[in-house]
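Below is final.txt, which holds compact mmCIF, C-alpha atoms and all ligand atoms.
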```txt
# COMPACT_ATOMS: atom_id res chain seq x y z
CA MET A 736 -74.76 -2.00 -11.76
CA HIS A 737 -76.19 1.55 -11.84
CA GLY A 738 -78.20 0.91 -8.68
CA THR A 739 -75.05 -0.09 -6.75
CA ARG A 740 -74.11 2.29 -3.96
CA ILE A 741 -71.02 4.38 -4.79
CA HIS A 742 -68.18 4.43 -2.24
CA GLU A 743 -66.08 7.59 -2.52
CA TYR A 744 -62.36 8.04 -1.82
CA ASP A 745 -59.55 10.42 -2.66
CA VAL A 746 -57.57 7.55 -4.20
CA VAL A 747 -58.50 3.99 -5.19
CA ILE A 748 -55.60 1.60 -5.74
CA ALA A 749 -56.11 -1.59 -7.75
CA GLY A 750 -53.69 -4.31 -6.61
CA CYS A 751 -52.01 -4.81 -3.23
CA GLY A 752 -48.58 -6.09 -4.34
CA PRO A 753 -45.44 -4.08 -3.43
CA ALA A 754 -46.48 -1.21 -5.74
CA GLY A 755 -50.06 -0.85 -4.49
CA ALA A 756 -49.26 -1.40 -0.81
CA THR A 757 -46.41 1.13 -0.89
CA ALA A 758 -48.53 3.80 -2.60
CA GLY A 759 -51.37 3.07 -0.17
CA ALA A 760 -49.14 3.37 2.90
CA LEU A 761 -47.54 6.64 1.75
CA LEU A 762 -50.85 8.28 0.81
CA ALA A 763 -52.79 7.10 3.87
CA ARG A 764 -50.14 8.30 6.29
CA SER A 765 -50.42 11.76 4.71
CA GLY A 766 -54.11 11.82 5.57
CA VAL A 767 -55.48 10.85 2.14
CA LYS A 768 -58.64 8.70 2.08
CA VAL A 769 -57.44 5.55 0.29
CA ALA A 770 -59.05 2.24 -0.70
CA LEU A 771 -56.90 -0.70 -1.82
CA VAL A 772 -58.59 -3.47 -3.79
CA ASP A 773 -57.12 -6.91 -4.57
CA ARG A 774 -58.68 -9.99 -6.10
CA CYS A 775 -56.73 -12.17 -3.63
CA THR A 776 -56.85 -12.50 0.14
CA PHE A 777 -53.51 -11.91 1.86
CA PRO A 778 -51.18 -13.59 2.50
CA ARG A 779 -51.39 -14.80 -1.11
CA PRO A 780 -48.78 -16.74 -3.08
CA LYS A 781 -46.75 -14.78 -5.65
CA LEU A 782 -44.26 -16.45 -7.94
CA CYS A 783 -40.97 -14.61 -7.45
CA GLY A 784 -37.31 -15.23 -6.61
CA GLY A 785 -37.88 -12.88 -3.67
CA LEU A 786 -34.47 -11.24 -3.97
CA LEU A 787 -34.36 -7.73 -2.48
CA SER A 788 -31.42 -5.77 -3.87
CA GLY A 789 -29.45 -3.20 -1.88
CA LYS A 790 -31.42 -0.41 -3.55
CA THR A 791 -34.73 -1.95 -2.39
CA MET A 792 -33.37 -2.20 1.16
CA ALA A 793 -32.25 1.43 1.01
CA LEU A 794 -35.69 2.46 -0.25
CA LEU A 795 -37.38 0.53 2.59
CA GLY A 796 -35.15 2.46 5.00
CA HIS A 797 -35.94 5.78 3.35
CA LEU A 798 -39.72 5.25 3.18
CA PHE A 799 -40.44 3.22 6.31
CA GLY A 800 -37.31 3.33 8.48
CA GLU A 801 -36.81 -0.42 8.01
CA THR A 802 -33.36 -2.01 8.24
CA LEU A 803 -31.92 -5.49 7.92
CA GLU A 804 -32.20 -5.74 11.72
CA THR A 805 -35.83 -4.62 12.00
CA LEU A 806 -36.91 -6.82 9.10
CA SER A 807 -35.06 -9.83 10.52
CA ALA A 808 -36.58 -9.24 13.96
CA GLY A 809 -40.04 -9.05 12.36
CA GLY A 810 -39.56 -12.39 10.60
CA ILE A 811 -39.75 -10.79 7.15
CA ILE A 812 -36.34 -11.94 5.91
CA ASP A 813 -35.93 -15.58 4.99
CA PHE A 814 -32.26 -15.78 4.02
CA VAL A 815 -29.23 -13.45 3.78
CA SER A 816 -26.08 -14.03 1.76
CA ARG A 817 -23.09 -11.88 0.91
CA GLU A 818 -21.80 -14.53 -1.47
CA TYR A 819 -22.92 -14.97 -5.04
CA SER A 820 -21.79 -16.96 -8.04
CA ILE A 821 -22.21 -16.68 -11.80
CA HIS A 822 -22.05 -19.76 -14.04
CA TRP A 823 -21.94 -20.59 -17.72
CA LYS A 824 -24.41 -23.44 -17.79
CA ASN A 825 -23.19 -25.49 -14.84
CA ARG A 826 -19.56 -24.29 -14.84
CA ALA A 827 -18.72 -21.61 -12.24
CA LEU A 828 -17.23 -18.44 -13.77
CA VAL A 829 -17.16 -16.28 -10.66
CA ARG A 830 -17.74 -16.86 -6.95
CA GLN A 831 -17.38 -13.70 -4.89
CA THR A 832 -18.47 -11.79 -1.80
CA SER A 833 -20.59 -8.64 -2.06
CA ASP A 834 -20.23 -5.71 0.38
CA VAL A 835 -24.00 -5.27 0.22
CA PRO A 836 -25.89 -8.44 1.19
CA PHE A 837 -28.49 -10.19 -0.94
CA ILE A 838 -31.74 -10.43 1.00
CA LEU A 839 -34.24 -13.16 0.20
CA VAL A 840 -37.88 -12.99 1.23
CA LYS A 841 -40.95 -15.10 0.67
CA ARG A 842 -43.38 -12.93 -1.25
CA ASN A 843 -46.46 -14.02 0.69
CA VAL A 844 -44.71 -12.74 3.86
CA TYR A 845 -43.19 -9.59 2.32
CA ASP A 846 -46.34 -8.47 0.51
CA ARG A 847 -48.53 -8.91 3.59
CA PHE A 848 -45.98 -6.97 5.65
CA LEU A 849 -46.20 -4.03 3.20
CA LEU A 850 -49.99 -4.24 3.07
CA GLU A 851 -50.15 -4.06 6.88
CA LYS A 852 -48.23 -0.77 6.64
CA ALA A 853 -51.00 0.61 4.43
CA ARG A 854 -53.71 -0.75 6.76
CA SER A 855 -52.11 0.66 9.90
CA ALA A 856 -51.67 4.04 8.18
CA GLY A 857 -55.47 4.13 7.74
CA ALA A 858 -56.05 2.74 4.23
CA GLU A 859 -59.20 0.66 3.72
CA ILE A 860 -58.28 -2.77 2.32
CA MET A 861 -60.77 -4.74 0.23
CA GLU A 862 -59.46 -8.27 -0.32
CA GLY A 863 -61.18 -10.77 -2.57
CA HIS A 864 -62.44 -8.05 -4.92
CA ALA A 865 -61.33 -8.34 -8.56
CA LEU A 866 -61.39 -5.14 -10.58
CA THR A 867 -63.48 -5.78 -13.66
CA ARG A 868 -63.78 -2.38 -15.32
CA VAL A 869 -62.61 1.22 -15.07
CA ASP A 870 -64.61 4.22 -16.25
CA ALA A 871 -61.89 6.78 -16.85
CA ASP A 872 -64.37 9.59 -17.60
CA ALA A 873 -66.32 9.11 -14.37
CA ASP A 874 -63.25 8.19 -12.23
CA GLU A 875 -64.98 4.98 -11.18
CA VAL A 876 -63.95 1.36 -10.83
CA PHE A 877 -66.17 -1.70 -10.66
CA THR A 878 -65.31 -4.91 -8.85
CA SER A 879 -66.53 -8.47 -8.62
CA PRO A 880 -68.33 -9.11 -6.26
CA GLY A 881 -70.18 -5.96 -7.24
CA MET A 882 -68.82 -2.74 -5.77
CA ARG A 883 -68.59 0.68 -7.34
CA LEU A 884 -65.79 2.95 -6.12
CA LYS A 885 -65.25 6.56 -7.12
CA ALA A 886 -62.06 8.52 -6.52
CA ARG A 887 -60.24 11.70 -7.41
CA PHE A 888 -57.33 9.53 -8.66
CA ILE A 889 -57.04 5.81 -9.49
CA ILE A 890 -53.74 3.94 -9.30
CA GLY A 891 -53.32 0.79 -11.38
CA ALA A 892 -50.98 -1.46 -9.38
CA ASP A 893 -52.67 -4.59 -10.69
CA GLY A 894 -49.62 -6.24 -12.22
CA CYS A 895 -48.67 -7.43 -15.64
CA HIS A 896 -52.21 -8.00 -16.97
CA SER A 897 -53.50 -4.70 -15.56
CA VAL A 898 -57.21 -3.99 -16.05
CA VAL A 899 -56.49 -0.28 -15.42
CA ARG A 900 -53.94 -0.22 -18.27
CA ARG A 901 -56.63 -1.47 -20.67
CA SER A 902 -58.37 1.91 -20.23
CA PHE A 903 -55.35 3.71 -21.68
CA PRO A 904 -56.02 4.56 -25.36
CA MET A 905 -52.25 4.73 -26.02
CA TYR A 906 -52.00 1.09 -24.95
CA HIS A 907 -54.55 -0.02 -27.57
CA GLY A 908 -52.95 -1.19 -30.79
CA ARG A 909 -49.67 -1.79 -28.93
CA HIS A 910 -50.42 -5.32 -27.74
CA GLY A 911 -47.92 -6.71 -30.28
CA GLU A 912 -45.14 -4.48 -28.93
CA TRP A 913 -46.11 -5.36 -25.34
CA SER A 914 -46.02 -9.11 -26.01
CA ALA A 915 -42.73 -8.85 -27.95
CA ASN A 916 -41.09 -7.67 -24.72
CA MET A 917 -42.89 -10.14 -22.50
CA ALA A 918 -40.79 -12.64 -20.60
CA VAL A 919 -41.96 -15.67 -18.72
CA GLY A 920 -40.48 -16.55 -15.36
CA MET A 921 -40.80 -20.16 -14.28
CA GLU A 922 -39.90 -21.54 -10.86
CA VAL A 923 -39.92 -24.60 -8.69
CA ALA A 924 -39.13 -24.87 -4.96
CA ILE A 925 -36.80 -27.75 -4.08
CA PRO A 926 -36.77 -28.73 -0.39
CA ARG A 927 -33.40 -28.02 1.23
CA ASN A 928 -32.77 -31.65 2.14
CA ALA A 929 -32.99 -32.60 -1.56
CA ALA A 930 -30.55 -29.83 -2.61
CA THR A 931 -26.87 -30.60 -2.98
CA GLN A 932 -24.03 -28.29 -4.04
CA ASP A 933 -23.74 -24.49 -3.89
CA MET A 934 -27.11 -23.87 -2.26
CA ASP A 935 -26.02 -21.42 0.41
CA HIS A 936 -25.86 -18.35 -1.84
CA PRO A 937 -27.70 -16.94 -4.89
CA CYS A 938 -26.41 -18.44 -8.15
CA VAL A 939 -27.02 -17.05 -11.63
CA HIS A 940 -26.65 -19.42 -14.60
CA LEU A 941 -26.12 -18.06 -18.11
CA GLY A 942 -26.37 -20.05 -21.32
CA TYR A 943 -29.53 -22.07 -20.66
CA LEU A 944 -31.82 -19.72 -22.54
CA ASP A 945 -31.57 -16.73 -24.86
CA TRP A 946 -32.37 -13.22 -23.65
CA GLY A 947 -32.69 -14.31 -20.06
CA TYR A 948 -31.00 -16.49 -17.45
CA ALA A 949 -31.56 -19.19 -14.85
CA TRP A 950 -31.12 -18.92 -11.07
CA ALA A 951 -31.00 -20.85 -7.83
CA PHE A 952 -31.86 -18.72 -4.78
CA PRO A 953 -31.61 -20.25 -1.30
CA ASN A 954 -34.44 -19.89 1.22
CA ALA A 955 -34.35 -21.16 4.79
CA ASP A 956 -36.30 -24.34 3.99
CA SER A 957 -35.93 -24.67 0.21
CA VAL A 958 -34.07 -23.53 -2.89
CA ILE A 959 -36.01 -21.56 -5.47
CA VAL A 960 -34.81 -22.72 -8.87
CA GLY A 961 -36.06 -20.78 -11.84
CA LEU A 962 -35.48 -19.12 -15.15
CA GLY A 963 -36.85 -16.18 -17.04
CA GLY A 964 -36.42 -14.88 -20.55
CA LEU A 965 -38.09 -13.35 -23.58
CA VAL A 966 -40.63 -15.81 -24.90
CA HIS A 967 -40.18 -15.12 -28.62
CA LYS A 968 -36.38 -15.45 -28.47
CA ASN A 969 -36.55 -19.02 -27.18
CA LYS A 970 -37.68 -21.89 -29.35
CA ARG A 971 -37.47 -24.57 -26.66
CA ASN A 972 -40.24 -25.00 -24.15
CA PHE A 973 -39.32 -23.30 -20.83
CA LYS A 974 -40.32 -26.41 -18.87
CA ASP A 975 -37.80 -28.49 -20.83
CA ILE A 976 -35.07 -25.90 -20.25
CA LEU A 977 -35.83 -25.84 -16.52
CA ALA A 978 -35.73 -29.67 -16.48
CA THR A 979 -32.26 -29.61 -18.10
CA PHE A 980 -31.08 -27.03 -15.57
CA LEU A 981 -32.40 -29.05 -12.60
CA PHE A 982 -30.79 -32.19 -14.01
CA ASP A 983 -27.41 -30.46 -14.55
CA ARG A 984 -27.51 -29.18 -10.97
CA GLY A 985 -28.12 -32.68 -9.68
CA LEU A 986 -31.54 -31.74 -8.28
CA ILE A 987 -33.33 -34.42 -10.28
CA SER A 988 -31.83 -37.68 -11.49
CA ARG A 989 -33.72 -37.85 -14.81
CA PRO A 990 -35.17 -34.94 -16.84
CA ASP A 991 -38.65 -36.54 -16.86
CA GLU A 992 -38.71 -36.44 -13.03
CA VAL A 993 -39.58 -32.79 -13.52
CA LEU A 994 -43.15 -33.87 -14.27
CA GLY A 995 -43.57 -34.68 -10.58
CA LEU A 996 -42.53 -31.17 -9.50
CA HIS A 997 -44.85 -28.21 -9.00
CA MET A 998 -43.55 -25.83 -11.69
CA GLN A 999 -45.25 -22.49 -12.11
CA GLY A 1000 -44.90 -19.62 -14.56
CA HIS A 1001 -45.74 -15.93 -14.48
CA PRO A 1002 -45.11 -13.12 -17.00
CA ILE A 1003 -42.49 -10.40 -16.46
CA PRO A 1004 -42.75 -7.10 -18.38
CA TYR A 1005 -39.18 -7.27 -19.64
CA GLY A 1006 -38.59 -4.01 -21.49
CA ASN A 1007 -42.16 -2.69 -21.57
CA GLU A 1008 -41.66 0.52 -19.60
CA MET A 1009 -44.36 3.09 -20.38
CA HIS A 1010 -43.06 6.63 -20.71
CA ILE A 1011 -46.34 8.35 -19.85
CA PRO A 1012 -48.20 6.03 -17.49
CA VAL A 1013 -50.93 8.63 -16.87
CA TYR A 1014 -54.29 8.96 -18.60
CA LYS A 1015 -56.92 11.35 -17.29
CA ASP A 1016 -56.90 10.61 -13.52
CA LEU A 1017 -55.43 7.11 -13.86
CA LEU A 1018 -51.78 6.40 -12.95
CA LEU A 1019 -49.94 3.11 -13.47
CA VAL A 1020 -47.16 1.79 -11.22
CA GLY A 1021 -44.94 -1.31 -11.04
CA ASP A 1022 -45.53 -4.21 -13.44
CA ALA A 1023 -48.76 -2.56 -14.65
CA ALA A 1024 -46.56 0.21 -16.12
CA GLY A 1025 -44.07 -2.36 -17.48
CA LEU A 1026 -41.28 -1.26 -15.14
CA ALA A 1027 -39.22 -4.43 -14.47
CA ASP A 1028 -35.52 -4.22 -15.36
CA PRO A 1029 -35.03 -5.41 -18.98
CA ILE A 1030 -31.78 -7.24 -18.14
CA THR A 1031 -32.08 -8.55 -14.58
CA GLY A 1032 -35.90 -8.82 -14.45
CA GLU A 1033 -35.85 -7.16 -11.02
CA GLY A 1034 -39.24 -5.59 -10.39
CA ILE A 1035 -39.80 -5.11 -6.65
CA TYR A 1036 -37.61 -2.00 -6.42
CA GLN A 1037 -39.21 -0.49 -9.54
CA ALA A 1038 -42.69 -1.27 -8.16
CA GLN A 1039 -42.03 0.48 -4.85
CA LYS A 1040 -40.06 3.37 -6.36
CA SER A 1041 -42.76 4.13 -8.94
CA ALA A 1042 -45.34 3.93 -6.12
CA GLN A 1043 -43.36 6.54 -4.20
CA MET A 1044 -43.30 8.81 -7.27
CA ALA A 1045 -47.03 8.32 -7.95
CA ALA A 1046 -47.90 9.05 -4.31
CA GLN A 1047 -45.73 12.18 -4.38
CA SER A 1048 -47.41 13.54 -7.49
CA ILE A 1049 -50.92 12.76 -6.16
CA LEU A 1050 -50.14 14.52 -2.86
CA GLN A 1051 -48.95 17.52 -4.84
CA ALA A 1052 -52.10 17.39 -6.98
CA LEU A 1053 -54.40 17.22 -3.95
CA GLY A 1054 -52.51 20.06 -2.28
CA THR A 1055 -51.89 22.46 -5.14
CA GLY A 1056 -54.15 21.35 -7.99
CA THR A 1057 -51.22 20.41 -10.29
CA HIS A 1058 -52.28 17.40 -12.35
CA PRO A 1059 -50.09 14.25 -11.97
CA LEU A 1060 -49.57 14.31 -15.74
CA ALA A 1061 -47.35 17.35 -15.12
CA THR A 1062 -45.28 15.66 -12.41
CA TYR A 1063 -45.44 11.84 -12.36
CA PRO A 1064 -43.83 11.11 -15.78
CA SER A 1065 -40.93 13.45 -15.09
CA LEU A 1066 -40.36 12.09 -11.57
CA LEU A 1067 -40.42 8.58 -13.02
CA ARG A 1068 -38.08 9.54 -15.84
CA LYS A 1069 -35.44 10.75 -13.42
CA ALA A 1070 -35.90 7.94 -10.90
CA LEU A 1071 -36.29 4.92 -13.18
CA LEU A 1072 -36.97 5.42 -16.86
CA ALA A 1073 -33.52 6.79 -17.77
CA ASP A 1074 -31.94 3.61 -16.40
CA LEU A 1075 -34.57 1.27 -17.84
CA ARG A 1076 -34.33 2.75 -21.33
CA TYR A 1077 -30.57 2.52 -21.23
CA ALA A 1078 -30.76 -1.09 -20.01
CA ARG A 1079 -33.11 -1.96 -22.86
CA ALA A 1080 -30.51 -0.73 -25.38
CA LEU A 1081 -27.60 -2.34 -23.51
CA ARG A 1082 -29.25 -5.74 -23.37
CA VAL A 1083 -29.00 -6.10 -27.15
CA ILE A 1084 -25.22 -6.13 -26.71
CA VAL A 1085 -25.26 -8.22 -23.53
CA PHE A 1086 -27.59 -10.97 -24.78
CA SER A 1087 -26.05 -11.04 -28.29
CA ALA A 1088 -22.61 -11.50 -26.70
CA LEU A 1089 -23.97 -14.34 -24.56
CA LYS A 1090 -25.49 -15.99 -27.61
CA PHE A 1091 -22.63 -15.67 -30.07
CA LEU A 1092 -19.33 -15.49 -28.16
CA PRO A 1093 -17.46 -18.65 -27.16
CA PRO A 1094 -17.88 -19.61 -23.47
CA ARG A 1095 -14.18 -18.88 -22.72
CA LEU A 1096 -14.58 -15.27 -23.88
CA ILE A 1097 -17.86 -14.97 -21.97
CA GLY A 1098 -15.96 -16.12 -18.86
CA CYS A 1099 -13.44 -13.28 -19.34
CA LEU A 1100 -16.21 -10.70 -19.85
CA VAL A 1101 -18.12 -11.86 -16.76
CA ALA A 1102 -14.92 -11.77 -14.69
CA GLY A 1103 -14.28 -8.20 -15.87
CA ALA A 1104 -17.81 -6.83 -15.59
CA HIS A 1105 -19.54 -8.57 -12.69
CA ARG A 1106 -18.53 -5.96 -10.06
CA ARG A 1107 -20.06 -3.20 -12.16
CA ALA A 1108 -23.21 -5.28 -12.64
CA LEU A 1109 -23.33 -5.82 -8.88
CA GLY A 1110 -23.16 -2.05 -8.35
CA VAL A 1111 -26.12 -1.55 -10.70
CA ILE A 1112 -28.16 -4.24 -8.94
CA HIS A 1113 -27.47 -2.86 -5.47
CA GLY A 1114 -27.89 0.78 -6.53
CA THR A 1115 -24.37 1.99 -5.78
CA ARG A 1116 -24.12 2.98 -9.46
CA GLY A 1117 -26.50 3.43 -12.39
CA TYR A 1118 -26.19 1.66 -15.69
CA PRO A 1119 -23.07 3.05 -17.41
CA PHE A 1120 -23.60 6.54 -18.85
CA THR A 1121 -26.89 7.13 -16.99
CA ILE A 1122 -25.27 9.78 -14.84
CA ARG A 1123 -28.39 11.32 -13.32
CA PHE A 1124 -28.81 8.98 -10.42
CA PRO A 1125 -26.94 10.77 -7.57
CA GLN A 1126 -29.80 13.30 -7.41
CA THR A 1127 -32.56 10.82 -8.14
CA ARG A 1128 -31.77 8.09 -5.63
CA PRO A 1129 -31.46 9.90 -2.30
CA GLU A 1130 -31.77 6.54 -0.60
CA ARG A 1131 -28.82 5.07 -2.50
CA VAL A 1132 -26.63 2.60 -0.65
CA SER A 1133 -23.41 4.07 0.65
C1 LIG B 1 -40.50 -16.03 -11.66
C2 LIG B 1 -40.29 -14.59 -11.25
C3 LIG B 1 -39.22 -14.28 -10.41
C4 LIG B 1 -39.01 -12.95 -10.01
N1 LIG B 1 -37.99 -12.69 -9.15
C5 LIG B 1 -37.79 -11.41 -8.72
C6 LIG B 1 -36.80 -11.14 -7.73
O1 LIG B 1 -36.12 -12.04 -7.23
N2 LIG B 1 -36.62 -9.84 -7.32
C7 LIG B 1 -37.38 -8.82 -7.86
O2 LIG B 1 -37.16 -7.67 -7.48
N3 LIG B 1 -38.35 -9.07 -8.76
C8 LIG B 1 -38.60 -10.33 -9.19
N4 LIG B 1 -39.62 -10.59 -10.07
C9 LIG B 1 -40.47 -9.47 -10.54
C10 LIG B 1 -41.47 -9.08 -9.43
O3 LIG B 1 -42.13 -10.24 -8.96
C11 LIG B 1 -42.52 -8.08 -9.97
O4 LIG B 1 -41.90 -7.12 -10.76
C12 LIG B 1 -43.25 -7.40 -8.80
O5 LIG B 1 -44.04 -8.34 -8.11
C13 LIG B 1 -44.14 -6.26 -9.31
O6 LIG B 1 -44.91 -5.77 -8.24
P1 LIG B 1 -46.35 -5.12 -8.51
O7 LIG B 1 -46.87 -4.67 -7.18
O8 LIG B 1 -46.27 -4.15 -9.62
O9 LIG B 1 -47.25 -6.33 -9.07
P2 LIG B 1 -47.66 -7.70 -8.37
O10 LIG B 1 -46.70 -8.09 -7.34
O11 LIG B 1 -47.92 -8.64 -9.50
O12 LIG B 1 -49.04 -7.36 -7.65
C14 LIG B 1 -50.20 -7.11 -8.39
C15 LIG B 1 -51.40 -7.36 -7.48
O13 LIG B 1 -52.57 -7.02 -8.22
C16 LIG B 1 -53.57 -7.99 -7.98
N5 LIG B 1 -54.46 -8.01 -9.14
C17 LIG B 1 -54.19 -8.40 -10.40
N6 LIG B 1 -55.27 -8.24 -11.18
C18 LIG B 1 -56.25 -7.73 -10.38
C19 LIG B 1 -57.59 -7.36 -10.61
N7 LIG B 1 -58.18 -7.47 -11.80
N8 LIG B 1 -58.31 -6.86 -9.57
C20 LIG B 1 -57.74 -6.74 -8.34
N9 LIG B 1 -56.47 -7.09 -8.07
C21 LIG B 1 -55.73 -7.58 -9.08
C22 LIG B 1 -52.80 -9.30 -7.78
O14 LIG B 1 -53.56 -10.22 -7.03
C23 LIG B 1 -51.56 -8.81 -7.05
O15 LIG B 1 -51.71 -8.89 -5.66
C24 LIG B 1 -39.87 -11.91 -10.49
C25 LIG B 1 -40.95 -12.23 -11.32
C26 LIG B 1 -41.17 -13.56 -11.69
C27 LIG B 1 -42.35 -13.88 -12.56
```

In structure tokens, what does this structure look like?
Amino acid sequence: MHGTRIHEYDVVIAGCGPAGATAGALLARSGVKVALVDRCTFPRPKLCGGLLSGKTMALLGHLFGETLETLSAGGIIDFVSREYSIHWKNRALVRQTSDVPFILVKRNVYDRFLLEKARSAGAEIMEGHALTRVDADADEVFTSPGMRLKARFIIGADGCHSVVRRSFPMYHGRHGEWSANMAVGMEVAIPRNAATQDMDHPCVHLGYLDWGYAWAFPNADSVIVGLGGLVHKNKRNFKDILATFLFDRGLISRPDEVLGLHMQGHPIPYGNEMHIPVYKDLLLVGDAAGLADPITGEGIYQAQKSAQMAAQSILQALGTGTHPLATYPSLLRKALLADLRYARALRVIVFSALKFLPPRLIGCLVAGAHRRALGVIHGTRGYPFTIRFPQTRPERVS
């Protein structure tokens, strides 16, 4: 490997999901020499409900000038709904209209769209290159097939199983803690013509699993049915729970029919937020930094928002010499971590209530609280008592 030619950049970004592509686009358009590396070739499949909240839409507007209209015209949006419903198992508790629409995208389309923004801003994209190792002392990364890239700063946007994160000494010895907060999301796409009731709006179903929930999100040609929750809080196999859910919704006629469906799972860092995702010249963003919401599991907004903060602190570092360690954690704290830490505490109450209260009482609580929850999801309010957000979300939805 030592004989391999070294390619030099200002910034190398590992991973071209929403976090990596957003950081790449923002840095490249400011004139920074950026390389983005991904083990996949785009468009690539990514297991996800593909729901963009109002705060993600507002961020897309703030960063790239995109709106519902421009995204629809570009074929990026798959489905839009203002309606939503919340269920206890298969019984509807609430069916309402939201002022801010729910936007549904297919991740292969959305992620390629973001990556094209980075490419057209001047970033060099290396697809089909898996990062194998990071040398944090030499600021170098190694890929398979064999390339050696050197940079002033390296961003780890390589998802839940981040190779860049493995170079962080503070992460070593904390694998147990990381896996304790690891959720699994499992999904199956049901063709629209096989779907029956309630498939024209996003539905959330409580009560199927502990410390998590199930969902049915409509797409133009299919319905994405899935569930996600903390692994160690659930004794039943997630496939069996998903089979029960599909059966209850009338999407399969016998639970064992599920064996014929293409079910897939992927981890979600569900309460793993890192407080100092900087080590030497390495910065982590998105799932690599454990930034998904510990109650809703939303991670696209957090990926793109942390990318914005990382890009901002790198631009400052390149311009003024301030190290990102002095800026990125505090930017992240104000923009995301205050909310995420609060949500992690709140979920103990939320998920305990869902586990122990009788369904009738849960129905009353959902009826009383769902508007507030909607505000948190769409970004019109923070989690209760996290009062910092008017200054920290300039792109908030009005
Ligand atoms: C079932 C499920 C449903 C979800 N639904 C939603 C939803 O509806 N809305 C929402 O907001 N969030 C949802 N999420 C969460 C969301 O998908 C993630 O939080 C989000 O994708 C994080 O973005 P990211 O860019 O950090 O990582 P990713 O999107 O995971 O991108 C990481 C990239 O890094 C690449 N990579 C990984 N390892 C390497 C390597 N060694 N070398 C090079 N490249 C590498 C991967 O190929 C990938 O392209 C869901 C998650 C799951 C599992």

Proximity check chain A to ligand LIG 1 (chain B), 7 Å, nearest pairs one decimal Å, only C-alpha atoms and all ligand atoms, as CSV:
```
residue,atom,partner,partner_atom,distance
A:Ala749,CA,B:LIG1,C20,5.4
A:Gly750,CA,B:LIG1,O13,3.3
A:Cys751,CA,B:LIG1,O15,4.8
A:Gly752,CA,B:LIG1,O12,3.6
A:Pro753,CA,B:LIG1,O7,4.1
A:Ala754,CA,B:LIG1,O7,3.8
A:Gly755,CA,B:LIG1,O7,5.7
A:Val772,CA,B:LIG1,C20,5.7
A:Asp773,CA,B:LIG1,N9,3.6
A:Arg774,CA,B:LIG1,C20,4.1
A:Cys775,CA,B:LIG1,O14,5.0
A:Lys781,CA,B:LIG1,O10,6.9
A:Leu782,CA,B:LIG1,C1,5.3
A:Cys783,CA,B:LIG1,C3,3.5
A:Gly784,CA,B:LIG1,O1,3.5
A:Gly785,CA,B:LIG1,O1,4.1
A:Leu786,CA,B:LIG1,O1,3.7
A:Leu787,CA,B:LIG1,O2,5.7
A:His864,CA,B:LIG1,C20,6.0
A:Ala865,CA,B:LIG1,N8,3.5
A:Leu866,CA,B:LIG1,N8,3.7
A:Thr867,CA,B:LIG1,N7,5.9
A:Ala892,CA,B:LIG1,O8,5.4
A:Asp893,CA,B:LIG1,O13,3.5
A:Gly894,CA,B:LIG1,O9,3.9
A:Cys895,CA,B:LIG1,O11,6.3
A:His896,CA,B:LIG1,N6,6.6
A:Ser897,CA,B:LIG1,N6,5.9
A:Val898,CA,B:LIG1,N7,5.6
A:Val919,CA,B:LIG1,C27,6.4
A:Gly920,CA,B:LIG1,C1,3.7
A:Met921,CA,B:LIG1,C1,4.9
A:Glu922,CA,B:LIG1,C1,5.6
A:Gly961,CA,B:LIG1,C1,6.5
A:Leu962,CA,B:LIG1,C1,6.9
A:Gly963,CA,B:LIG1,C1,6.5
A:Gly1000,CA,B:LIG1,C1,6.4
A:His1001,CA,B:LIG1,C27,4.4
A:Pro1002,CA,B:LIG1,C27,5.3
A:Ile1003,CA,B:LIG1,C27,5.2
A:Val1020,CA,B:LIG1,O8,6.2
A:Gly1021,CA,B:LIG1,O8,3.4
A:Asp1022,CA,B:LIG1,O8,3.9
A:Ala1023,CA,B:LIG1,O8,5.8
A:Ala1027,CA,B:LIG1,O4,5.3
A:Gly1032,CA,B:LIG1,N4,6.0
A:Glu1033,CA,B:LIG1,O2,3.8
A:Gly1034,CA,B:LIG1,O4,3.1
A:Ile1035,CA,B:LIG1,O2,3.8
A:Tyr1036,CA,B:LIG1,O2,5.8
A:Ala1038,CA,B:LIG1,O8,4.8
```

Separation of atom CA of A:Met934 from atom CA of A:Val958 in Å: 7.0 Å

Given only C-alpha atoms as the counted atoms, nearest of A:Ala1080, A:Tyr948, A:Pro1012, A:Ala915 to A:Val966: A:Ala915

Long-range neighbours of A:Met1009 as a PyMOL selection string, 9 Å cut-off, all atoms listed in the file, 6 positions minimum in chain: chain A and resi 1019+1024-1026+1072

Output C-alpha atoms for every residue in the selection just made, as a CSV table (one decimal), in the frame of the given file.
```csv
chain,number,residue,atom,x,y,z
A,1019,LEU,CA,-49.9,3.1,-13.5
A,1024,ALA,CA,-46.6,0.2,-16.1
A,1025,GLY,CA,-44.1,-2.4,-17.5
A,1026,LEU,CA,-41.3,-1.3,-15.1
A,1072,LEU,CA,-37.0,5.4,-16.9
```

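Separating atom CA of A:Arg847 from atom CA of A:Pro778 is a distance of 5.5 Å.
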
Interatomic distance, atom CA of A:Val746 to atom CA of A:Pro780 (Å, one decimal): 25.9 Å

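Within the 12 Å cut-off around A:Leu798, using only C-alpha atoms and omitting residues fewer than 2 positions from it on the same chain, the listed residues are Thr757, Ala758, Ala760, Leu761, Leu762, Arg764, Thr791, Met792, Ala793, Leu794, Leu795, Gly796, Gly800, Glu801, Thr802, Leu849, Lys852, Gln1039, Lys1040, Ala1042, Gln1043, Met1044, Ala1046, Gln1047, Pro1129 and Glu1130 of chain A.
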